[in-house]
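One structure is given below, encoded as structure tokens.
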Amino acid sequence: MTPPVRVVHLGQQPPESYVAAVYLGGPAQPSWRAQAVELLRRWWNGAGELVVFSPEPERGSHCVPSAEQAVWEEQAMRRADVLLLHIPPGIPDLVANLKWGAWCASGRAVLSCPPEADGLPHFAEQHGVPVGHFLEEAVWSALGMLAGGARRSGGARSVPLLIWRTPQFQRWLRRLADGEQLLDARVDWVRHAPADAHRCWSIRVLTRVPGAQAAWRRLSSDRPDEWALVAHGEVDGEPVVLLTGDHPALPGGPLPGDGAPPVAAALAELGLCCGPERVVWHAPAPADVTSAHVVLPRSVQLSAAELVTLPRAALVVPVATLTAYRGVAWSTFGVVAGVLSSAGSGLGDVRPAGRQDRRPAQPAAP
């Protein structure tokens, strides 16, 4: 059975749930949208319903006031996974040009225009926008971007596929509190990257916890997932952790493409000979409350002898004063606290101290 394609005309509401959505933007004349819909019906093979937003009233329906039309179009474009913008030759359309300018860098645009369209195809290619010189080419490119789609319902329909499919957003979605609902979303920006690199984005999400008012918050993925080494021990019975660098931080960095943190190399740089049996793996931890990316902690417990033989570049910092040093993020304390708690290292009632601009002292030799 052919998957359904539903056309949502100007003024109509989309279904509560679907797997993909396309917005057909461009001048109403000549009537090209019927051909685009026919091509979508013929070629769509996703695992569910494809919604096609058409900013034209359904035949025989009443006209929609201009103000309501503008609101409907804005909401439809926000919910579209792909915006197919058709610019036919010789037909100037200011509204279509404005939409192109607003959405060409969104990561969701497909341009349909003739080759002689005043350099527009070249400009589109500079922004990574697929270009079809014939409507059939543009529709095929749009379907390729949808890649079968993904089921979303309610407020999740406002999260486009290029963000919905990222592991960072899916992890955030799984971290929602019990009963917490995603009511709406608005994409702030998307930064394009090569296919083998990290796609950066920022989105505002409206969520509601039972018994509380709905609230907007920002969620961003502006860097790849990271890994961090928590090398910890005790000095005079007090938990300490190892920091490195001019701006003190946990050893680590961006997670390599193979997903394997180079822990052994980091330990070797510190002059530590630790076998893999001493390295403890911990569950990924959120980098911070506004970021969708995570930190993959690995930990090693150091002896007192190892702590005093570290190179001068390494800083041994009491956990209680970890956030007192300029450049150390509060999220670092969260990662360290999680590791020490799971390791049973006696974190106890340790609380982060106020921030100060000073360097930590090194432990004295036993």
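Naming works like this for the structure tokens: A, B, ... for the chains as they're shown, residue 1 at the start of each chain, ligands 1 onward in shown order.
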
Using the chain letters and numbers from this document, which residues of stretch 93-296 of chain A does DSSP assign to strand (DSSP E), as a PyMOL selection string?
chain A and resi 109-112+131-132+152-153+181-191+200-208+215-221+226-235+238-243+252-254+280-281+285-286+294-296

Could you give me, as a VMD selection string, the residues within 7 Å of A:Arg217, counting only C-alpha atoms and dropping anything in the same chain fewer than 6 positions from it? chain A and resid 204 to 206

Checklist entry - Separation of atom CA of A:Leu250 and atom CA of A:Asp222, in Å? => result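 Atom CA of A:Leu250 sits 19.6 Å away from atom CA of A:Asp222.
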
- Task: For A:Gly107, please output as a PyMOL selection string all residues within 9 Å (counting only C-alpha atoms; exclusion window: fewer than 2 positions along the same chain).
- Result: chain A and resi 82+103-105+109-110+127-129+162+190-192

I want to know what sits within 7 Å of A:Asp188, based on only C-alpha atoms, with residues of the same chain fewer than 2 positions away left out; could you give that as number ranges by chain?
A: 186, 202-203

Given only C-alpha atoms as the counted atoms, nearest of A:Leu315, A:Ala20, A:Val139, A:Ala265 to A:Arg42 =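 Counting only C-alpha atoms, the residue closest to A:Arg42 is A:Val139.
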
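In this comparison, which uses only C-alpha atoms, the residue of A:Ala80, A:Ala215, A:Leu310, A:Leu10 approaching A:Glu68 most closely is A:Leu10.
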
Computed gap from atom CA of A:Pro27 to atom CA of A:Ala96 is 6.4 Å

Closest of A:Lys99, A:Ser342, A:Cys273, A:Leu40 to A:Ala138, counting only C-alpha atoms, is A:Leu40

When you look at A:Asp288 with a cut-off of 12 Å (counting only C-alpha atoms), what residues show up, excluding the ones that are within fewer than 6 positions of it in the same chain? I need them as an mmCIF file with all heavy atoms, in the first residue's frame.
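As a result, around_14.cif now contains:
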data_model
loop_
_atom_site.group_PDB
_atom_site.id
_atom_site.type_symbol
_atom_site.label_atom_id
_atom_site.label_comp_id
_atom_site.auth_asym_id
_atom_site.auth_seq_id
_atom_site.Cartn_x
_atom_site.Cartn_y
_atom_site.Cartn_z
ATOM 1 N N TRP A 172 18.629 14.249 24.791
ATOM 2 C CA TRP A 172 17.899 15.233 25.589
ATOM 3 C C TRP A 172 16.448 14.805 25.761
ATOM 4 O O TRP A 172 15.890 14.926 26.859
ATOM 5 C CB TRP A 172 17.968 16.606 24.922
ATOM 6 C CG TRP A 172 17.107 17.616 25.617
ATOM 7 C CD1 TRP A 172 17.424 18.360 26.716
ATOM 8 C CD2 TRP A 172 15.754 17.955 25.276
ATOM 9 N NE1 TRP A 172 16.348 19.143 27.079
ATOM 10 C CE2 TRP A 172 15.318 18.909 26.213
ATOM 11 C CE3 TRP A 172 14.883 17.539 24.268
ATOM 12 C CZ2 TRP A 172 14.046 19.460 26.166
ATOM 13 C CZ3 TRP A 172 13.608 18.089 24.222
ATOM 14 C CH2 TRP A 172 13.204 19.048 25.170
ATOM 15 N N ARG A 218 16.391 27.161 26.260
ATOM 16 C CA ARG A 218 17.235 27.021 25.079
ATOM 17 C C ARG A 218 18.039 25.731 25.171
ATOM 18 O O ARG A 218 18.538 25.354 26.227
ATOM 19 C CB ARG A 218 18.175 28.221 24.954
ATOM 20 C CG ARG A 218 18.874 28.299 23.595
ATOM 21 C CD ARG A 218 19.735 29.559 23.521
ATOM 22 N NE ARG A 218 18.946 30.748 23.728
ATOM 23 C CZ ARG A 218 18.243 31.362 22.793
ATOM 24 N NH1 ARG A 218 18.215 30.852 21.565
ATOM 25 N NH2 ARG A 218 17.552 32.452 23.051
ATOM 26 N N LEU A 219 18.152 25.077 24.027
ATOM 27 C CA LEU A 219 18.909 23.839 23.929
ATOM 28 C C LEU A 219 19.832 23.974 22.728
ATOM 29 O O LEU A 219 19.389 24.346 21.643
ATOM 30 C CB LEU A 219 17.952 22.658 23.740
ATOM 31 C CG LEU A 219 18.554 21.265 23.637
ATOM 32 C CD1 LEU A 219 19.180 20.862 24.961
ATOM 33 C CD2 LEU A 219 17.474 20.260 23.234
ATOM 34 N N SER A 220 21.106 23.711 22.916
ATOM 35 C CA SER A 220 22.042 23.887 21.813
ATOM 36 C C SER A 220 23.010 22.716 21.731
ATOM 37 O O SER A 220 23.283 22.033 22.711
ATOM 38 C CB SER A 220 22.826 25.197 21.974
ATOM 39 O OG SER A 220 23.638 25.147 23.137
ATOM 40 N N SER A 221 23.493 22.501 20.533
ATOM 41 C CA SER A 221 24.547 21.534 20.288
ATOM 42 C C SER A 221 25.589 22.243 19.444
ATOM 43 O O SER A 221 25.557 22.199 18.214
ATOM 44 C CB SER A 221 23.992 20.301 19.562
ATOM 45 O OG SER A 221 25.030 19.377 19.300
ATOM 46 N N ASP A 225 30.349 15.817 21.057
ATOM 47 C CA ASP A 225 30.444 15.182 22.369
ATOM 48 C C ASP A 225 31.904 15.139 22.806
ATOM 49 O O ASP A 225 32.830 15.117 21.980
ATOM 50 C CB ASP A 225 29.874 13.766 22.320
ATOM 51 C CG ASP A 225 28.371 13.766 22.150
ATOM 52 O OD1 ASP A 225 27.737 14.779 22.471
ATOM 53 O OD2 ASP A 225 27.828 12.742 21.680
ATOM 54 N N VAL A 294 27.035 15.635 25.391
ATOM 55 C CA VAL A 294 27.362 14.981 26.645
ATOM 56 C C VAL A 294 28.871 14.837 26.806
ATOM 57 O O VAL A 294 29.637 14.992 25.860
ATOM 58 C CB VAL A 294 26.710 13.579 26.746
ATOM 59 C CG1 VAL A 294 25.205 13.686 26.735
ATOM 60 C CG2 VAL A 294 27.210 12.678 25.630
ATOM 61 N N VAL A 295 29.264 14.553 28.037
ATOM 62 C CA VAL A 295 30.647 14.236 28.381
ATOM 63 C C VAL A 295 30.704 12.766 28.776
ATOM 64 O O VAL A 295 29.891 12.306 29.588
ATOM 65 C CB VAL A 295 31.151 15.116 29.540
ATOM 66 C CG1 VAL A 295 32.571 14.725 29.929
ATOM 67 C CG2 VAL A 295 31.095 16.589 29.149
ATOM 68 N N ALA A 329 34.471 25.171 34.818
ATOM 69 C CA ALA A 329 33.027 25.269 34.664
ATOM 70 C C ALA A 329 32.304 24.509 35.777
ATOM 71 O O ALA A 329 32.825 23.542 36.332
ATOM 72 C CB ALA A 329 32.611 24.712 33.304
ATOM 73 N N TRP A 330 31.098 24.965 36.080
ATOM 74 C CA TRP A 330 30.288 24.258 37.073
ATOM 75 C C TRP A 330 29.968 22.845 36.604
ATOM 76 O O TRP A 330 29.831 21.926 37.417
ATOM 77 C CB TRP A 330 28.993 25.031 37.329
ATOM 78 C CG TRP A 330 29.197 26.242 38.177
ATOM 79 C CD1 TRP A 330 29.493 27.503 37.749
ATOM 80 C CD2 TRP A 330 29.132 26.322 39.603
ATOM 81 N NE1 TRP A 330 29.618 28.362 38.813
ATOM 82 C CE2 TRP A 330 29.393 27.667 39.962
ATOM 83 C CE3 TRP A 330 28.876 25.409 40.609
ATOM 84 C CZ2 TRP A 330 29.406 28.095 41.287
ATOM 85 C CZ3 TRP A 330 28.888 25.834 41.929
ATOM 86 C CH2 TRP A 330 29.146 27.163 42.256
ATOM 87 N N SER A 331 29.854 22.662 35.283
ATOM 88 C CA SER A 331 29.571 21.321 34.776
ATOM 89 C C SER A 331 30.711 20.360 35.101
ATOM 90 O O SER A 331 30.490 19.156 35.257
ATOM 91 C CB SER A 331 29.337 21.369 33.268
ATOM 92 O OG SER A 331 30.438 21.952 32.590
ATOM 93 N N THR A 332 31.946 20.882 35.222
ATOM 94 C CA THR A 332 33.078 20.035 35.596
ATOM 95 C C THR A 332 32.873 19.462 36.997
ATOM 96 O O THR A 332 33.146 18.278 37.242
ATOM 97 C CB THR A 332 34.390 20.834 35.542
ATOM 98 O OG1 THR A 332 34.594 21.311 34.213
ATOM 99 C CG2 THR A 332 35.581 19.984 35.960
ATOM 100 N N PHE A 333 32.379 20.300 37.907
ATOM 101 C CA PHE A 333 32.098 19.809 39.261
ATOM 102 C C PHE A 333 31.048 18.706 39.211
ATOM 103 O O PHE A 333 31.148 17.710 39.934
ATOM 104 C CB PHE A 333 31.619 20.952 40.154
ATOM 105 C CG PHE A 333 31.317 20.507 41.568
ATOM 106 C CD1 PHE A 333 32.320 20.430 42.517
ATOM 107 C CD2 PHE A 333 30.029 20.155 41.945
ATOM 108 C CE1 PHE A 333 32.051 20.011 43.811
ATOM 109 C CE2 PHE A 333 29.744 19.738 43.231
ATOM 110 C CZ PHE A 333 30.770 19.658 44.166
ATOM 111 N N GLY A 334 30.030 18.878 38.337
ATOM 112 C CA GLY A 334 28.998 17.849 38.235
ATOM 113 C C GLY A 334 29.559 16.522 37.760
ATOM 114 O O GLY A 334 29.196 15.466 38.274
ATOM 115 N N VAL A 335 30.467 16.566 36.757
ATOM 116 C CA VAL A 335 31.080 15.331 36.260
ATOM 117 C C VAL A 335 31.899 14.674 37.361
ATOM 118 O O VAL A 335 31.814 13.469 37.607
ATOM 119 C CB VAL A 335 31.949 15.622 35.021
ATOM 120 C CG1 VAL A 335 32.766 14.393 34.634
ATOM 121 C CG2 VAL A 335 31.080 16.067 33.856
#

Within 10 Å of A:Val316 using only C-alpha atoms, minus same-chain residues under 3 positions, as a compact mmCIF listing (two decimals) with N, CA, C and O atoms, in the first residue's frame:
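Here's the written file around-v5.txt:
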# COMPACT_ATOMS: atom_id res chain seq x y z
N ALA A 231 40.96 11.85 37.11
CA ALA A 231 42.01 11.19 37.90
C ALA A 231 41.91 11.74 39.33
O ALA A 231 42.14 12.92 39.56
N HIS A 232 41.55 10.88 40.26
CA HIS A 232 41.23 11.37 41.61
C HIS A 232 41.96 10.54 42.66
O HIS A 232 42.47 9.44 42.41
N GLY A 233 42.01 11.10 43.85
CA GLY A 233 42.63 10.42 44.98
C GLY A 233 42.27 11.16 46.26
O GLY A 233 41.28 11.90 46.30
N GLU A 234 43.09 10.99 47.30
CA GLU A 234 42.85 11.67 48.58
C GLU A 234 44.16 12.23 49.10
O GLU A 234 45.22 11.61 48.98
N VAL A 235 44.05 13.43 49.66
CA VAL A 235 45.17 14.06 50.36
C VAL A 235 44.67 14.46 51.74
O VAL A 235 43.73 15.25 51.85
N PRO A 239 39.00 14.47 49.33
CA PRO A 239 38.99 14.11 47.91
C PRO A 239 39.65 15.19 47.06
O PRO A 239 39.39 16.39 47.23
N VAL A 240 40.51 14.78 46.14
CA VAL A 240 41.16 15.71 45.22
C VAL A 240 41.01 15.16 43.80
O VAL A 240 40.77 13.98 43.60
N VAL A 241 41.19 16.06 42.85
CA VAL A 241 41.07 15.68 41.45
C VAL A 241 42.16 16.40 40.67
O VAL A 241 42.64 17.46 41.07
N LEU A 242 42.55 15.82 39.56
CA LEU A 242 43.65 16.34 38.76
C LEU A 242 43.12 17.21 37.62
O LEU A 242 42.24 16.81 36.87
N LEU A 243 43.67 18.43 37.50
CA LEU A 243 43.37 19.33 36.39
C LEU A 243 44.65 19.63 35.62
O LEU A 243 45.75 19.56 36.18
N THR A 244 44.51 20.00 34.37
CA THR A 244 45.67 20.34 33.55
C THR A 244 45.36 21.57 32.71
O THR A 244 44.19 21.97 32.56
N LEU A 307 50.22 10.82 43.27
CA LEU A 307 49.84 12.23 43.30
C LEU A 307 51.05 13.15 43.45
O LEU A 307 51.08 14.24 42.88
N VAL A 308 52.05 12.73 44.21
CA VAL A 308 53.20 13.61 44.45
C VAL A 308 54.26 13.49 43.38
O VAL A 308 55.22 14.26 43.38
N LEU A 310 53.47 13.67 40.08
CA LEU A 310 52.91 14.23 38.87
C LEU A 310 53.76 15.39 38.36
O LEU A 310 54.43 16.07 39.15
N ARG A 312 54.76 19.19 36.98
CA ARG A 312 54.34 20.48 37.52
C ARG A 312 53.13 21.04 36.78
O ARG A 312 52.37 21.85 37.32
N ALA A 313 52.95 20.62 35.52
CA ALA A 313 51.80 21.13 34.76
C ALA A 313 50.47 20.61 35.29
O ALA A 313 49.42 21.16 34.97
N VAL A 319 38.34 18.80 45.77
CA VAL A 319 37.05 18.84 45.09
C VAL A 319 36.17 19.94 45.66
O VAL A 319 35.42 20.61 44.94
N LEU A 322 36.81 23.13 43.83
CA LEU A 322 37.02 22.95 42.40
C LEU A 322 36.50 24.13 41.59
O LEU A 322 37.14 24.59 40.65
N PRO A 360 45.43 26.45 42.69
CA PRO A 360 45.44 25.49 43.80
C PRO A 360 46.84 25.14 44.24
O PRO A 360 47.80 25.18 43.47
N ALA A 361 46.95 24.80 45.50
CA ALA A 361 48.24 24.37 46.05
C ALA A 361 48.45 22.90 45.76
O ALA A 361 47.52 22.14 45.59
N GLN A 362 49.74 22.48 45.68
CA GLN A 362 50.07 21.10 45.42
C GLN A 362 50.25 20.36 46.75
O GLN A 362 50.63 20.95 47.76
N PRO A 363 49.98 19.06 46.76
CA PRO A 363 50.15 18.29 48.01
C PRO A 363 51.63 18.18 48.38
O PRO A 363 52.50 18.12 47.50

**Prompt:** In Å to one decimal, how far is atom CA of A:Ser54 from atom CA of A:Arg33?
**Reply:**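 Computed distance, atom CA of A:Arg33 to atom CA of A:Ser54, equals 7.5 Å.
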
Between A:Arg175, A:Arg59, A:Arg108, A:Arg298, smallest distance to A:Leu85 by only C-alpha atoms belongs to A:Arg108

Per-residue DSSP, stretch 52-150 of chain A, filtered to helix (DSSP H, G or I), as a PyMOL selection string: chain A and resi 66-79+94-103+120-126+135-146

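Those residues that approach A:Gly11 to within 12 Å, counting only C-alpha atoms, are Val7, Val8, His9, Gln13, Pro14, Phe53, Ser54, Pro55, Glu56, Pro57, Glu58, Ser61, His62, Cys63, Val64, Pro65, Ser66, Ala67, Glu68, Gln69, Ala70, Val71, Trp72, Glu73, Glu74, Gln75 and Ala76 of chain A; same-chain residues fewer than 2 positions away are not listed.
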